[in-house]
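Raw contents of target-v3.tsv, TSV, C-alpha atoms:
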chain	number	residue	atom	x	y	z
A	1	MET	CA	111.21	54.40	44.49
A	2	PHE	CA	114.41	55.36	42.68
A	3	SER	CA	116.50	53.18	44.97
A	4	ASP	CA	114.74	50.17	43.39
A	5	LEU	CA	116.27	50.81	39.95
A	6	ASN	CA	118.11	47.76	38.71
A	7	GLN	CA	121.69	47.84	37.47
A	8	ARG	CA	120.67	48.02	33.82
A	9	SER	CA	118.43	51.05	34.42
A	10	ARG	CA	121.17	52.74	36.42
A	11	ALA	CA	123.73	52.07	33.70
A	12	ILE	CA	121.46	53.51	30.99
A	13	LEU	CA	120.60	56.57	33.10
A	14	LYS	CA	124.30	57.15	33.71
A	15	GLU	CA	125.05	56.99	29.98
A	16	VAL	CA	122.24	59.43	29.19
A	17	VAL	CA	123.56	61.87	31.81
A	18	ASP	CA	127.17	61.48	30.64
A	19	ALA	CA	126.18	62.09	27.02
A	20	TYR	CA	124.08	65.10	27.98
A	21	MET	CA	126.93	66.54	30.06
A	22	ALA	CA	129.25	66.25	27.08
A	23	SER	CA	127.00	67.67	24.37
A	24	GLY	CA	123.99	69.37	25.95
A	25	GLU	CA	121.84	67.59	23.36
A	26	PRO	CA	119.19	64.86	23.70
A	27	VAL	CA	120.58	61.36	23.30
A	28	GLY	CA	118.85	58.45	21.53
A	29	SER	CA	118.72	54.73	22.23
A	30	ARG	CA	121.10	53.82	19.38
A	31	ALA	CA	123.79	56.15	20.75
A	32	ILE	CA	123.33	54.67	24.23
A	33	ALA	CA	123.64	51.13	22.83
A	34	GLU	CA	126.96	52.08	21.25
A	35	ARG	CA	128.21	53.78	24.42
A	36	LEU	CA	127.27	50.85	26.68
A	37	GLY	CA	128.69	48.10	24.52
A	38	LEU	CA	126.75	45.43	26.42
A	39	GLY	CA	124.98	43.89	23.45
A	40	LEU	CA	121.61	45.46	24.32
A	41	SER	CA	119.47	46.35	21.32
A	42	PRO	CA	118.26	49.94	20.74
A	43	ALA	CA	114.71	48.64	21.20
A	44	THR	CA	115.53	47.22	24.63
A	45	ILE	CA	117.22	50.46	25.63
A	46	ARG	CA	114.24	52.45	24.34
A	47	GLY	CA	112.00	50.49	26.68
A	48	VAL	CA	114.22	51.20	29.67
A	49	MET	CA	114.42	54.89	28.74
A	50	ALA	CA	110.63	55.02	28.51
A	51	ASP	CA	110.41	53.57	32.03
A	52	LEU	CA	112.90	56.13	33.29
A	53	GLU	CA	110.86	58.86	31.67
A	54	HIS	CA	107.70	57.54	33.32
A	55	GLN	CA	109.49	57.78	36.69
A	56	GLY	CA	110.40	61.40	36.03
A	57	LEU	CA	114.14	60.82	35.60
A	58	LEU	CA	114.32	61.49	31.84
A	59	HIS	CA	112.51	63.87	29.52
A	60	ALA	CA	112.00	64.04	25.76
A	61	PRO	CA	112.14	67.73	24.81
A	62	HIS	CA	110.74	67.09	21.31
A	63	ILE	CA	108.63	64.45	19.62
A	64	SER	CA	110.82	61.66	18.19
A	65	ALA	CA	113.85	63.24	19.82
A	66	GLY	CA	116.23	61.60	22.23
A	67	ARG	CA	116.06	62.18	25.94
A	68	ILE	CA	117.78	64.35	28.48
A	69	PRO	CA	117.87	64.00	32.27
A	70	THR	CA	115.33	65.95	34.31
A	71	ASP	CA	116.39	67.92	37.36
A	72	ILE	CA	115.19	64.97	39.45
A	73	GLY	CA	117.22	62.63	37.25
A	74	LEU	CA	120.34	64.73	37.77
A	75	ARG	CA	119.69	64.76	41.51
A	76	PHE	CA	119.41	60.97	41.57
A	77	PHE	CA	122.54	60.66	39.43
A	78	VAL	CA	124.57	62.90	41.77
A	79	ASP	CA	123.27	61.25	44.95
A	80	GLY	CA	123.17	57.62	43.89
A	81	ILE	CA	125.37	56.96	40.85
A	82	LEU	CA	128.10	59.56	40.58
A	83	GLU	CA	131.48	58.46	41.84
A	84	ILE	CA	133.31	61.36	43.46
A	85	GLY	CA	137.01	60.97	43.98
A	86	ASP	CA	139.64	63.15	45.56
A	87	LEU	CA	141.38	66.06	43.87
A	88	ALA	CA	144.63	65.32	42.13
A	89	ARG	CA	147.78	66.45	43.92
A	90	ASP	CA	148.53	69.11	41.28
A	91	GLU	CA	145.02	70.57	41.61
A	92	LYS	CA	145.42	70.81	45.38
A	93	SER	CA	148.81	72.44	44.98
A	94	SER	CA	147.39	74.94	42.48
A	95	LEU	CA	144.55	75.90	44.81
A	96	GLU	CA	146.90	76.24	47.77
A	97	ALA	CA	149.38	78.39	45.84
A	98	LYS	CA	146.74	80.75	44.44
A	99	CYS	CA	144.72	81.12	47.63
A	100	ALA	CA	147.74	81.60	49.89
A	101	ALA	CA	149.52	84.17	47.72
A	102	GLN	CA	150.53	87.39	49.48
A	103	GLY	CA	149.54	86.55	53.04
A	104	HIS	CA	146.56	85.17	54.93
A	105	ASN	CA	144.30	88.21	55.15
A	106	LEU	CA	140.74	86.84	55.18
A	107	SER	CA	139.41	89.28	52.63
A	108	ASP	CA	142.25	88.56	50.20
A	109	VAL	CA	142.02	84.80	50.72
A	110	LEU	CA	138.28	84.81	49.99
A	111	SER	CA	138.72	86.98	46.91
A	112	ARG	CA	141.49	84.77	45.50
A	113	ALA	CA	139.63	81.58	46.36
A	114	THR	CA	136.51	82.79	44.57
A	115	ASP	CA	138.50	83.86	41.49
A	116	THR	CA	140.35	80.54	41.47
A	117	LEU	CA	137.19	78.43	41.76
A	118	SER	CA	135.58	80.39	38.95
A	119	GLY	CA	138.58	79.91	36.69
A	120	LEU	CA	139.07	76.21	37.40
A	121	THR	CA	135.39	75.26	37.12
A	122	SER	CA	134.25	77.65	34.34
A	123	CYS	CA	131.37	78.63	36.62
A	124	ALA	CA	130.65	81.77	38.59
A	125	GLY	CA	132.41	81.67	41.94
A	126	LEU	CA	130.54	82.93	44.97
A	127	VAL	CA	131.39	83.55	48.60
A	128	VAL	CA	129.47	84.94	51.55
A	129	ALA	CA	131.99	86.78	53.73
A	130	PRO	CA	131.29	87.17	57.44
A	131	LYS	CA	129.60	90.32	58.61
A	132	THR	CA	131.90	93.06	59.84
A	133	ASP	CA	131.16	92.95	63.56
A	134	ARG	CA	134.59	92.53	65.05
A	135	PRO	CA	137.15	94.83	66.69
A	136	LEU	CA	138.35	97.49	64.28
A	137	LYS	CA	141.91	98.52	63.58
A	138	GLN	CA	141.60	101.30	61.02
A	139	ILE	CA	139.26	103.13	58.68
A	140	GLU	CA	140.42	105.35	55.87
A	141	PHE	CA	138.85	107.59	53.22
A	142	VAL	CA	140.58	107.68	49.83
A	143	PRO	CA	139.45	110.11	47.08
A	144	LEU	CA	138.52	108.53	43.74
A	145	ALA	CA	136.75	111.24	41.73
A	146	PRO	CA	134.61	114.29	42.44
A	147	GLY	CA	131.77	113.10	44.65
A	148	ARG	CA	133.21	109.57	45.03
A	149	VAL	CA	135.30	108.26	47.91
A	150	LEU	CA	136.65	104.79	48.69
A	151	VAL	CA	136.14	103.74	52.33
A	152	ILE	CA	138.63	101.11	53.56
A	153	LEU	CA	137.82	99.30	56.81
A	154	VAL	CA	140.40	97.02	58.46
A	155	THR	CA	139.60	94.79	61.44
A	156	GLU	CA	142.08	93.64	64.06
A	157	ASP	CA	142.01	90.07	62.69
A	158	GLY	CA	142.93	91.22	59.19
A	159	LEU	CA	139.61	91.43	57.35
A	160	VAL	CA	139.66	94.28	54.83
A	161	GLU	CA	136.47	95.64	53.26
A	162	ASN	CA	136.27	98.33	50.62
A	163	ARG	CA	133.14	100.32	49.76
A	164	VAL	CA	132.66	103.24	47.39
A	165	ILE	CA	130.36	106.00	48.64
A	166	ASP	CA	128.82	109.16	47.28
A	167	ALA	CA	130.53	111.98	49.14
A	168	PRO	CA	129.83	115.69	49.45
A	169	LEU	CA	131.28	117.80	46.66
A	170	GLY	CA	134.09	120.15	47.60
A	171	LEU	CA	136.12	117.68	49.63
A	172	ASP	CA	139.81	118.45	49.92
A	173	ALA	CA	142.79	116.63	51.42
A	174	ALA	CA	142.40	118.44	54.76
A	175	THR	CA	138.77	117.27	55.12
A	176	LEU	CA	139.68	113.66	54.36
A	177	ALA	CA	142.59	113.78	56.81
A	178	SER	CA	140.35	115.26	59.50
A	179	ALA	CA	137.75	112.54	59.01
A	180	ASN	CA	140.40	109.80	59.09
A	181	THR	CA	141.95	111.14	62.29
A	182	TYR	CA	138.59	111.61	64.01
A	183	LEU	CA	137.30	108.11	63.23
A	184	ASN	CA	140.50	106.21	63.95
A	185	ARG	CA	140.81	107.88	67.32
A	186	ARG	CA	137.31	106.66	68.27
A	187	LEU	CA	136.95	103.34	66.41
A	188	ALA	CA	140.20	101.52	67.22
A	189	GLY	CA	139.57	98.37	69.25
A	190	GLN	CA	135.77	98.63	69.12
A	191	LYS	CA	133.21	96.66	67.15
A	192	LEU	CA	131.60	98.53	64.31
A	193	THR	CA	128.05	98.38	65.71
A	194	GLU	CA	129.19	99.81	69.03
A	195	ALA	CA	131.53	102.38	67.53
A	196	ARG	CA	128.94	103.69	65.08
A	197	ARG	CA	126.46	104.49	67.85
A	198	GLU	CA	129.12	106.33	69.82
A	199	VAL	CA	130.28	108.34	66.81
A	200	GLU	CA	126.72	109.29	65.87
A	201	GLU	CA	126.07	110.54	69.39
A	202	ASP	CA	129.41	112.34	69.42
A	203	LEU	CA	128.62	114.05	66.13
A	204	LEU	CA	125.39	115.40	67.57
A	205	ARG	CA	127.17	116.81	70.61
A	206	ARG	CA	130.27	118.13	68.89
A	207	ARG	CA	129.07	119.06	65.44
A	208	ALA	CA	130.26	122.62	65.96
A	209	GLU	CA	133.83	121.39	66.38
A	210	LEU	CA	133.82	119.72	62.95
A	211	ASP	CA	133.10	121.50	59.72
A	212	GLU	CA	130.00	120.49	57.78
A	213	LEU	CA	131.82	118.59	55.03
A	214	THR	CA	133.77	116.47	57.51
A	215	SER	CA	130.60	115.59	59.43
A	216	LYS	CA	128.77	114.58	56.24
A	217	LEU	CA	131.71	112.46	55.09
A	218	ILE	CA	131.88	110.63	58.43
A	219	GLU	CA	128.14	109.97	58.43
A	220	ALA	CA	128.26	108.65	54.86
A	221	GLY	CA	131.25	106.46	55.64
A	222	LEU	CA	129.55	104.82	58.60
A	223	ALA	CA	126.18	104.49	56.89
A	224	VAL	CA	127.63	102.31	54.12
A	225	TRP	CA	128.10	99.49	56.66
A	226	SER	CA	124.54	99.60	57.95
A	227	GLY	CA	121.54	97.91	56.39
A	228	PRO	CA	121.34	94.38	54.89
A	229	ASN	CA	125.07	93.59	54.81
A	230	GLU	CA	125.44	94.32	58.52
A	231	LYS	CA	123.24	91.32	59.34
A	232	THR	CA	123.89	88.85	56.55
A	233	GLY	CA	127.45	89.45	55.47
A	234	GLN	CA	128.80	90.35	52.07
A	235	LEU	CA	128.10	88.36	48.91
A	236	LEU	CA	130.95	88.34	46.40
A	237	ILE	CA	130.37	86.96	42.89
A	238	ARG	CA	133.20	86.44	40.41
A	239	GLY	CA	133.19	85.11	36.86
A	240	GLN	CA	129.57	85.83	35.95
A	241	ALA	CA	130.60	85.81	32.28
A	242	HIS	CA	130.98	82.03	32.48
A	243	LEU	CA	127.20	81.77	32.88
A	244	LEU	CA	126.73	83.40	29.48
A	245	GLU	CA	128.98	81.03	27.53
A	246	ASP	CA	126.46	78.23	27.06
A	247	ILE	CA	123.40	80.30	26.15
A	248	THR	CA	121.60	79.20	22.97
A	249	ALA	CA	118.19	80.91	23.24
A	250	LEU	CA	116.60	84.13	24.44
A	251	ALA	CA	114.83	82.16	27.17
A	252	ASP	CA	118.23	81.11	28.52
A	253	LEU	CA	119.38	84.72	28.51
A	254	GLU	CA	116.28	85.78	30.45
A	255	ARG	CA	116.91	83.10	33.08
A	256	ILE	CA	120.47	84.34	33.54
A	257	ARG	CA	119.25	87.93	33.83
A	258	LEU	CA	116.82	86.87	36.57
A	259	LEU	CA	119.66	85.02	38.28
A	260	PHE	CA	121.86	88.12	38.29
A	261	ASP	CA	118.99	90.14	39.77
A	262	THR	CA	118.43	87.51	42.47
A	263	LEU	CA	122.11	87.44	43.42
A	264	GLU	CA	121.91	91.13	44.32
A	265	THR	CA	119.22	90.60	46.97
A	266	GLU	CA	119.58	90.19	50.72
A	267	GLU	CA	117.41	87.07	50.49
A	268	ALA	CA	120.03	85.34	48.33
A	269	MET	CA	122.70	85.89	50.94
A	270	ALA	CA	120.44	84.78	53.77
A	271	ARG	CA	119.53	81.57	51.93
A	272	LEU	CA	123.14	80.78	51.13
A	273	ILE	CA	124.06	81.19	54.77
A	274	ASP	CA	121.09	79.15	56.00
A	275	ALA	CA	121.91	76.39	53.50
A	276	THR	CA	125.28	75.71	55.11
A	277	ARG	CA	125.08	77.09	58.65
A	278	ASP	CA	124.08	73.80	60.28
A	279	ALA	CA	125.23	71.50	57.48
A	280	GLU	CA	128.35	69.41	57.27
A	281	GLY	CA	130.28	69.37	54.04
A	282	VAL	CA	129.20	70.24	50.53
A	283	GLN	CA	125.59	71.16	49.74
A	284	ILE	CA	124.27	70.67	46.19
A	285	PHE	CA	121.19	72.37	44.76
A	286	ILE	CA	120.05	71.33	41.28
A	287	GLY	CA	117.70	73.12	38.92
A	288	ALA	CA	114.05	73.40	39.93
A	289	GLN	CA	114.85	71.65	43.21
A	290	ASN	CA	117.17	74.55	43.93
A	291	GLY	CA	115.46	76.59	46.63
A	292	LEU	CA	118.11	79.29	46.28
A	293	PHE	CA	117.52	80.22	42.65
A	294	ALA	CA	114.62	78.00	41.62
A	295	HIS	CA	113.85	79.52	38.22
A	296	ALA	CA	117.36	80.16	36.96
A	297	GLY	CA	117.95	76.74	35.42
A	298	CYS	CA	121.28	76.31	37.21
A	299	SER	CA	122.99	74.32	39.92
A	300	VAL	CA	124.71	75.61	43.05
A	301	ILE	CA	127.47	73.79	44.92
A	302	VAL	CA	128.50	75.39	48.21
A	303	ALA	CA	130.35	74.47	51.39
A	304	PRO	CA	130.83	76.24	54.74
A	305	TYR	CA	134.23	77.49	55.82
A	306	GLN	CA	135.45	77.99	59.37
A	307	ASN	CA	137.69	80.33	61.31
A	308	ALA	CA	140.59	79.33	63.55
A	309	GLN	CA	138.11	78.51	66.34
A	310	GLU	CA	136.32	76.04	64.02
A	311	GLN	CA	133.22	78.23	63.86
A	312	VAL	CA	131.34	78.43	60.55
A	313	ILE	CA	131.69	82.04	59.41
A	314	GLY	CA	130.75	81.92	55.72
A	315	THR	CA	130.02	80.00	52.55
A	316	ILE	CA	131.98	79.45	49.34
A	317	GLY	CA	131.11	77.65	46.13
A	318	VAL	CA	130.05	77.98	42.52
A	319	ILE	CA	126.92	78.52	40.50
A	320	GLY	CA	126.76	77.15	36.99
A	321	PRO	CA	124.81	75.27	34.34
A	322	LEU	CA	122.88	72.09	35.10
A	323	ARG	CA	125.41	70.07	33.13
A	324	MET	CA	128.44	71.13	35.10
A	325	ASN	CA	131.15	68.57	35.89
A	326	TYR	CA	129.84	67.51	39.31
A	327	ALA	CA	132.47	64.81	39.86
A	328	ARG	CA	135.28	67.35	39.57
A	329	ILE	CA	133.64	70.44	41.07
A	330	ILE	CA	132.19	68.90	44.27
A	331	PRO	CA	135.58	67.88	45.71
A	332	MET	CA	137.11	71.15	44.51
A	333	VAL	CA	134.57	73.24	46.44
A	334	ASP	CA	134.98	71.00	49.48
A	335	TYR	CA	138.77	71.29	49.44
A	336	THR	CA	138.69	75.06	48.93
A	337	ALA	CA	136.39	75.55	51.93
A	338	LYS	CA	138.71	73.47	54.12
A	339	LEU	CA	141.74	75.30	52.72
A	340	ILE	CA	140.30	78.67	53.76
A	341	GLY	CA	139.95	77.39	57.32
A	342	ARG	CA	143.63	76.42	57.36
A	343	LEU	CA	144.87	79.66	55.82
A	344	VAL	CA	142.90	82.11	57.93
A	345	LYS	CA	144.52	82.74	61.32
Representation of the structure as structure tokens:
Amino acid sequence: MFSDLNQRSRAILKEVVDAYMASGEPVGSRAIAERLGLGLSPATIRGVMADLEHQGLLHAPHISAGRIPTDIGLRFFVDGILEIGDLARDEKSSLEAKCAAQGHNLSDVLSRATDTLSGLTSCAGLVVAPKTDRPLKQIEFVPLAPGRVLVILVTEDGLVENRVIDAPLGLDAATLASANTYLNRRLAGQKLTEARREVEEDLLRRRAELDELTSKLIEAGLAVWSGPNEKTGQLLIRGQAHLLEDITALADLERIRLLFDTLETEEAMARLIDATRDAEGVQIFIGAQNGLFAHAGCSVIVAPYQNAQEQVIGTIGVIGPLRMNYARIIPMVDYTAKLIGRLVK
């Protein structure tokens, strides 16, 4: 049905969307007449806007107010009207410089890419990192505070993951060194899932040879990589504060709170992965049509990234307000995903 819109209807819809993107406020027929400059009267434009509203593309939030695009209208605009160009050379150079800084370690590249996307788009950057099921190189326990220890896991292909765990009280340097030596002697060159089973069995057989604190620390260190993340990967969100910048009502704040809660769930990671696993290129999810975060009143733009073997191993993108700059952000997410594939060896 929407494909049958004539050029005049498309032009008016585009002007409504552009005005809404700029101000966030409803736009009236007189303002559209001035923006178009085609000699159409406000009355004529009002009639077209009424038709667009009848088709579900526009919405009048208040009586006698102007109109704003609906989620369906934004979807139609992005799919059928929006002109998406390429990134400027300086934007590509900036992304390349920031993402490639200090080596090509996958974990570092993903972290920098997510930070960079968040900063350049004024949205929250998100990335689903691949699950840690690859040959291991090293694991290390680093003390942070009483009862808190940082566990650093390094894989043979350079992925680094850090987790903070609750550790037994009374740990000293000798206990940490003993745990490090024990695990690295048994984990090197093995996948985490295989190594963890072997270590757990070994602990049962040899518990007498390790003191109680060391055994508890090893068990806690391995347990932190079991559960949801082992299957789905790790979801990293950066720049959440950007989502709070455009809030004007308590209802908006509640939607953002629900979004933050949703982002912490395993389901969110699984949906992000499913959304791009078999897809090619950028995927766009808008507002209520957004199966990822349907009630958050936001849009998600994500793209898959590949490893050196051209296998899809994760997802990167942004989540932001409905009136984000789609024309600029879509190619930026696409280029960043492809850049990761080139940087990661």
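The interatomic distance for the pair atom CA of A:Arg112 and atom CA of A:Asn184 works out to 28.3 Å.
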All residues 12 Å or closer to stretch 49-66 of chain A, only C-alpha atoms, same chain fewer than 5 positions away omitted, as a PyMOL selection string:
chain A and resi 1-6+8-17+19-20+24-33+42-44+71-77
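Close contacts of A:Ser118, defined as residues with an atom at most 8 Å away when counting all atoms listed in the file, with chain neighbours fewer than 5 positions off set aside, comprise A:Cys123, A:Ala124, A:Gly125, A:Arg238, A:Gly239, A:Val318.
Each of A:Met324, A:Pro146, A:Phe285, A:Gly317 was checked against A:Thr116 using only C-alpha atoms; the smallest atom-to-atom distance is that of A:Gly317.
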Using only C-alpha atoms and a cutoff of 12 Å, can you tell me which residues are near (144.3, 75.2, 55.5) in the file's coordinates, and write them out as a PyMOL selection string?
chain A and resi 92-93+95-97+99-100+104+109+305-308+310+334-345
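For the pair atom CA of A:Asn180 and atom CA of A:Glu140, the interatomic distance is 5.5 Å.
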At what distance in Å, to one decimal, does atom CA of A:Arg197 lie from atom CA of A:Thr175?
21.8 Å
Best match for closeness to A:Leu183 among A:Leu106, A:Ile218, A:Val154, A:Leu82, counting all atoms listed in the file:
A:Ile218
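Among the candidates A:Glu34, A:Asp79, A:Asp211, A:Asp90, the residue lying nearest to A:Ile284 is A:Asp79 (atoms considered: only C-alpha atoms).
The shortest atom-to-atom distance to A:Leu171, with all atoms listed in the file taken into account, belongs to A:Leu217 out of A:Ala195, A:Leu217, A:Leu243, A:Leu204.
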What would the list of residues within 8 Å of (130.0, 77.6, 52.1) (file frame) look like as a PDB file with C-alpha atoms, in the frame of the given file, if all atoms listed in the file are what count?
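Once written, out_12.pdb looks like this:
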ATOM      1  CA  VAL A 127     131.390  83.550  48.600  1.00  0.00           C
ATOM      2  CA  VAL A 128     129.470  84.940  51.550  1.00  0.00           C
ATOM      3  CA  LEU A 272     123.140  80.780  51.130  1.00  0.00           C
ATOM      4  CA  ILE A 273     124.060  81.190  54.770  1.00  0.00           C
ATOM      5  CA  THR A 276     125.280  75.710  55.110  1.00  0.00           C
ATOM      6  CA  VAL A 282     129.200  70.240  50.530  1.00  0.00           C
ATOM      7  CA  VAL A 302     128.500  75.390  48.210  1.00  0.00           C
ATOM      8  CA  ALA A 303     130.350  74.470  51.390  1.00  0.00           C
ATOM      9  CA  PRO A 304     130.830  76.240  54.740  1.00  0.00           C
ATOM     10  CA  TYR A 305     134.230  77.490  55.820  1.00  0.00           C
ATOM     11  CA  GLY A 314     130.750  81.920  55.720  1.00  0.00           C
ATOM     12  CA  THR A 315     130.020  80.000  52.550  1.00  0.00           C
ATOM     13  CA  ILE A 316     131.980  79.450  49.340  1.00  0.00           C
ATOM     14  CA  GLY A 317     131.110  77.650  46.130  1.00  0.00           C
ATOM     15  CA  ALA A 337     136.390  75.550  51.930  1.00  0.00           C
TER      16      ALA A 337
END
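Omitting A:Ala129 and its sequence neighbours fewer than 5 positions away, and counting all atoms listed in the file, the residues within 8 Å are A:Ser107, A:Leu110, A:Gly233, A:Gln234, A:Leu235, A:Leu236, A:Ile313, A:Gly314, A:Thr315.
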